[in-house]
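In what follows, a single structure is set out as structure tokens and then discussed.
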Amino acid sequence: FIAVPEITAEYAANPLIAMTPDEILAWIRESEPDYVPGTQVHYSNSNYVVLGFLIEAVTGRSPSKEIEARLIAPLGLTGTSFPLTPFMPQPAMHGYFAESLGDPLIDVTRSNPGFPWTSGAMISTLADMHTWVKALATGSALLSAGTLSERNTWVGLVPNAPVGYGLGILNFRGFLGHNGGIAGYSSWMLHSPDNKFTVVIVVNRAGEKGGTADPFLREILELFPEVVPAPAAAPGSNRHTGAAAPPARHRPPAGRAASARPPPPAATRPPSA
């Protein structure tokens, strides 16, 4: 639904847009599928909205309560929340909407979290994202062995590119994690279970196209050739199961603060999960 031009334009013009998850779901129900299920792979925020309703149906509780109980509290993510209002904890990194450098900057820090909902409403800090991506990449503290194996079944997202996608996690040349984008923010968080290298980046300018964090990730990873595997076979170019691709020199894409240690806190919009 994020890619629908009229919805994107309305959200960009007014991040406080009065739209609810139920309205988004109704729009999804009215839409035609892009292809027969199981025949192709395409990343879609709509799937994460549907997942939010599945969480409610299966657990009888809201996604915010389930995320708090299962992830935020056990991992001690004190700066992370699933907001129900546009309020941002202070201090906060302001987000600005601008498609290109030089365009007028529009402050879109306050936005309606019910619009992206389970596809990208969460708030976090760089330090919490550093903790979260390591837990996400290894998975052993959160998932059973069977679920972890199923999650790490990679399907190619881009032809002939070293990018695979599992169940809510991206494999970029052996680095596991996710990127994210919403009006005013673009981000990456990646962790290599093999060499323990972690990178977390948040950029506070983004437009409709997103991806403003990507160049920063490329530049940062080029600084560490000793830990960044070289390009290898694309994960999931043929569907297969297993852990991250074996190390060899590599460099993925993304944008603003990389560190082997948690960076200082600041409330940000993190990568969508």
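Ordered as shown in the structure tokens, chains take letters A, B, and onward, while each chain numbers its residues from 1 and ligands are numbered from 1 in the order shown.
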Report task. Identify all residues of segment 16-161 of chain A in strand (DSSP E) (DSSP on the backbone) and supply them as an NGL selection string. Result -> :A and (96-97 or 106-107 or 153-156)
Query raised in the report: Which polymer residues have any atom within 12 Å of an atom of Arg110 of chain A, counting only C-alpha atoms, with same-chain residues fewer than 2 positions away left out, as a ChimeraX atom specification?
Result: /A:11-12,14-17,83-89,92-97,106-108,112-113,121,123,182-185,268-269
Report task. May I have the residues within 9 Å of segment 69-75 of chain A as an MDAnalysis selection string, using only C-alpha atoms and disregarding those fewer than 5 positions away in the same chain? Result -> chainID A and resid 64 80:81 128 131:132 135 142
I need the chosen residues saved as a PDB file, in the first residue's frame, with C-alpha atoms.
ATOM      1  CA  SER A  64       2.178  -3.575  20.656  1.00  0.00           C
ATOM      2  CA  THR A  80      12.122   1.154  21.984  1.00  0.00           C
ATOM      3  CA  SER A  81       8.340   1.302  21.726  1.00  0.00           C
ATOM      4  CA  ASP A 128      18.686  -0.449  21.050  1.00  0.00           C
ATOM      5  CA  THR A 131      21.200  -4.781  20.533  1.00  0.00           C
ATOM      6  CA  TRP A 132      18.191  -5.831  18.478  1.00  0.00           C
ATOM      7  CA  ALA A 135      19.523 -10.804  18.597  1.00  0.00           C
ATOM      8  CA  LEU A 142      14.177 -15.767  20.312  1.00  0.00           C
TER       9      LEU A 142
END
Report task. For atom CA of Pro91 of chain A and atom CA of Thr109 of chain A, quote the distance in Å rounded to one decimal. Result ->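 A separation of 11.9 Å between them.
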Requested in this report: Would you mind telling me which residue in A:Asn195, A:Thr138, A:Ser62, A:Asn171 lies nearest to Glu226 of chain A when using only C-alpha atoms?
Outcome: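 Using only C-alpha atoms, the shortest distance to Glu226 of chain A belongs to A:Asn195.
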Requested in this report: For each of A:Val228, A:Leu126, A:Ile201, A:Ile28, take the minimum atom-to-atom distance to Pro215 of chain A, counting only C-alpha atoms, then give the residue where this is smallest.
Outcome: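 Once distances to Pro215 of chain A are computed over only C-alpha atoms, the minimum belongs to A:Ile201.
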**Report entry** Residue nearest Gly168 of chain A among A:Leu221, A:Val4, A:Leu148, A:Val199 (counting only C-alpha atoms)
**Finding:**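 Of the candidates, the smallest distance to Gly168 of chain A is held by A:Leu148.
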**Report entry** Top pick for closest residue to Val133 of chain A, considering A:Leu176, A:Val50, A:Ala9, A:Met19 and counting only C-alpha atoms
**Finding:** A:Leu176
Report task. Could you give me, as a ChimeraX atom specification, the residues within 12 Å of Ser100 of chain A, counting only C-alpha atoms and dropping anything in the same chain fewer than 2 positions from it? Result -> /A:96-98,102-105,184,205-212
Report task. Would you mind writing down, as a PyMOL selection string, each residue of segment 39-228 of chain A that DSSP on the backbone assigns to alpha helix (DSSP H)? Result -> chain A and resi 45-59+63-67+73-75+126-138+145-151+214-222
May I have the selected residues written with N, CA and C atoms, as a short mmCIF file (atom, residue, chain, number, x, y, z; two decimals), in the first residue's frame?
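Output file again-v3.cif follows:
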data_model
loop_
_atom_site.label_atom_id
_atom_site.label_comp_id
_atom_site.auth_asym_id
_atom_site.auth_seq_id
_atom_site.Cartn_x
_atom_site.Cartn_y
_atom_site.Cartn_z
N ASN A 45 5.06 -3.97 2.13
CA ASN A 45 4.65 -3.54 3.47
C ASN A 45 3.26 -4.04 3.83
N SER A 46 2.44 -4.27 2.81
CA SER A 46 1.08 -4.77 3.07
C SER A 46 1.11 -6.08 3.83
N ASN A 47 2.09 -6.92 3.53
CA ASN A 47 2.19 -8.21 4.23
C ASN A 47 2.40 -8.03 5.72
N TYR A 48 3.12 -6.97 6.11
CA TYR A 48 3.38 -6.74 7.52
C TYR A 48 2.15 -6.19 8.23
N VAL A 49 1.29 -5.48 7.50
CA VAL A 49 0.02 -5.05 8.07
C VAL A 49 -0.86 -6.28 8.31
N VAL A 50 -0.92 -7.17 7.33
CA VAL A 50 -1.68 -8.41 7.49
C VAL A 50 -1.14 -9.21 8.67
N LEU A 51 0.19 -9.22 8.83
CA LEU A 51 0.80 -9.93 9.95
C LEU A 51 0.33 -9.36 11.29
N GLY A 52 0.15 -8.04 11.36
CA GLY A 52 -0.36 -7.43 12.58
C GLY A 52 -1.73 -7.97 12.96
N PHE A 53 -2.60 -8.12 11.96
CA PHE A 53 -3.93 -8.67 12.23
C PHE A 53 -3.85 -10.15 12.59
N LEU A 54 -2.89 -10.86 12.02
CA LEU A 54 -2.70 -12.27 12.39
C LEU A 54 -2.25 -12.40 13.85
N ILE A 55 -1.37 -11.48 14.29
CA ILE A 55 -0.95 -11.48 15.69
C ILE A 55 -2.16 -11.33 16.60
N GLU A 56 -3.04 -10.39 16.27
CA GLU A 56 -4.24 -10.17 17.07
C GLU A 56 -5.13 -11.41 17.09
N ALA A 57 -5.30 -12.05 15.92
CA ALA A 57 -6.19 -13.20 15.82
C ALA A 57 -5.65 -14.40 16.59
N VAL A 58 -4.34 -14.60 16.53
CA VAL A 58 -3.73 -15.78 17.16
C VAL A 58 -3.58 -15.61 18.66
N THR A 59 -3.17 -14.42 19.11
CA THR A 59 -2.86 -14.22 20.53
C THR A 59 -4.00 -13.60 21.32
N PRO A 63 -0.61 -6.12 18.68
CA PRO A 63 0.81 -6.27 18.33
C PRO A 63 1.72 -5.52 19.29
N SER A 64 1.32 -4.34 19.75
CA SER A 64 2.18 -3.57 20.66
C SER A 64 2.44 -4.35 21.94
N LYS A 65 1.41 -4.99 22.49
CA LYS A 65 1.59 -5.76 23.73
C LYS A 65 2.43 -7.01 23.50
N GLU A 66 2.23 -7.67 22.38
CA GLU A 66 3.02 -8.88 22.08
C GLU A 66 4.48 -8.53 21.84
N ILE A 67 4.73 -7.45 21.12
CA ILE A 67 6.11 -7.03 20.86
C ILE A 67 6.80 -6.63 22.16
N ALA A 73 10.88 -6.21 26.28
CA ALA A 73 11.23 -6.45 27.69
C ALA A 73 12.35 -7.48 27.85
N PRO A 74 12.29 -8.66 27.21
CA PRO A 74 13.36 -9.64 27.39
C PRO A 74 14.73 -9.14 26.95
N LEU A 75 14.79 -8.30 25.93
CA LEU A 75 16.07 -7.82 25.42
C LEU A 75 16.51 -6.51 26.09
N LEU A 126 19.57 4.28 18.53
CA LEU A 126 20.67 3.59 17.85
C LEU A 126 21.23 2.46 18.73
N ALA A 127 21.33 2.71 20.04
CA ALA A 127 21.86 1.69 20.94
C ALA A 127 20.94 0.46 20.98
N ASP A 128 19.63 0.68 21.04
CA ASP A 128 18.69 -0.45 21.05
C ASP A 128 18.71 -1.20 19.72
N MET A 129 18.84 -0.48 18.62
CA MET A 129 18.91 -1.13 17.33
C MET A 129 20.15 -2.01 17.23
N HIS A 130 21.24 -1.56 17.85
CA HIS A 130 22.48 -2.34 17.90
C HIS A 130 22.24 -3.65 18.65
N THR A 131 21.53 -3.57 19.77
CA THR A 131 21.20 -4.78 20.53
C THR A 131 20.25 -5.68 19.75
N TRP A 132 19.23 -5.07 19.16
CA TRP A 132 18.19 -5.83 18.48
C TRP A 132 18.73 -6.58 17.26
N VAL A 133 19.56 -5.93 16.45
CA VAL A 133 19.99 -6.60 15.22
C VAL A 133 20.87 -7.81 15.52
N LYS A 134 21.63 -7.76 16.62
CA LYS A 134 22.43 -8.94 16.99
C LYS A 134 21.51 -10.08 17.41
N ALA A 135 20.48 -9.77 18.19
CA ALA A 135 19.52 -10.80 18.60
C ALA A 135 18.75 -11.33 17.39
N LEU A 136 18.39 -10.44 16.48
CA LEU A 136 17.66 -10.84 15.27
C LEU A 136 18.52 -11.73 14.40
N ALA A 137 19.79 -11.36 14.19
CA ALA A 137 20.66 -12.11 13.28
C ALA A 137 20.96 -13.51 13.80
N THR A 138 21.26 -13.62 15.09
CA THR A 138 21.57 -14.95 15.63
C THR A 138 20.30 -15.76 15.83
N ALA A 145 14.84 -23.98 17.20
CA ALA A 145 15.74 -24.40 16.10
C ALA A 145 14.97 -24.59 14.81
N GLY A 146 13.77 -25.17 14.90
CA GLY A 146 12.97 -25.40 13.71
C GLY A 146 12.51 -24.12 13.05
N THR A 147 12.04 -23.17 13.87
CA THR A 147 11.59 -21.88 13.34
C THR A 147 12.76 -21.10 12.76
N LEU A 148 13.92 -21.16 13.43
CA LEU A 148 15.10 -20.46 12.95
C LEU A 148 15.53 -20.99 11.58
N SER A 149 15.49 -22.31 11.41
CA SER A 149 15.83 -22.90 10.12
C SER A 149 14.87 -22.45 9.03
N GLU A 150 13.58 -22.39 9.37
CA GLU A 150 12.59 -21.94 8.38
C GLU A 150 12.77 -20.46 8.08
N ARG A 151 13.06 -19.67 9.09
CA ARG A 151 13.28 -18.24 8.88
C ARG A 151 14.45 -17.99 7.94
N ASP A 214 21.41 4.27 1.96
CA ASP A 214 22.19 3.29 1.20
C ASP A 214 23.63 3.73 0.91
N PRO A 215 23.86 4.94 0.41
CA PRO A 215 25.24 5.32 0.11
C PRO A 215 26.15 5.31 1.33
N PHE A 216 25.60 5.65 2.50
CA PHE A 216 26.40 5.66 3.72
C PHE A 216 26.85 4.24 4.07
N LEU A 217 25.97 3.27 3.89
CA LEU A 217 26.32 1.89 4.18
C LEU A 217 27.45 1.42 3.27
N ARG A 218 27.34 1.72 2.00
CA ARG A 218 28.39 1.31 1.06
C ARG A 218 29.73 1.89 1.48
N GLU A 219 29.74 3.18 1.80
CA GLU A 219 30.99 3.84 2.18
C GLU A 219 31.57 3.26 3.47
N ILE A 220 30.71 3.01 4.44
CA ILE A 220 31.17 2.50 5.73
C ILE A 220 31.77 1.11 5.58
N LEU A 221 31.09 0.23 4.86
CA LEU A 221 31.58 -1.14 4.74
C LEU A 221 32.85 -1.24 3.91
N GLU A 222 33.07 -0.28 3.03
CA GLU A 222 34.32 -0.26 2.27
C GLU A 222 35.51 0.06 3.17
#
**Report entry** Between atom CA of His178 of chain A and atom CA of Gly120 of chain A, distance in Å (one decimal)
**Finding:** 11.8 Å
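Atom pair atom CA of Ser140 of chain A / atom CA of Val227 of chain A: separated by 22.5 Å.
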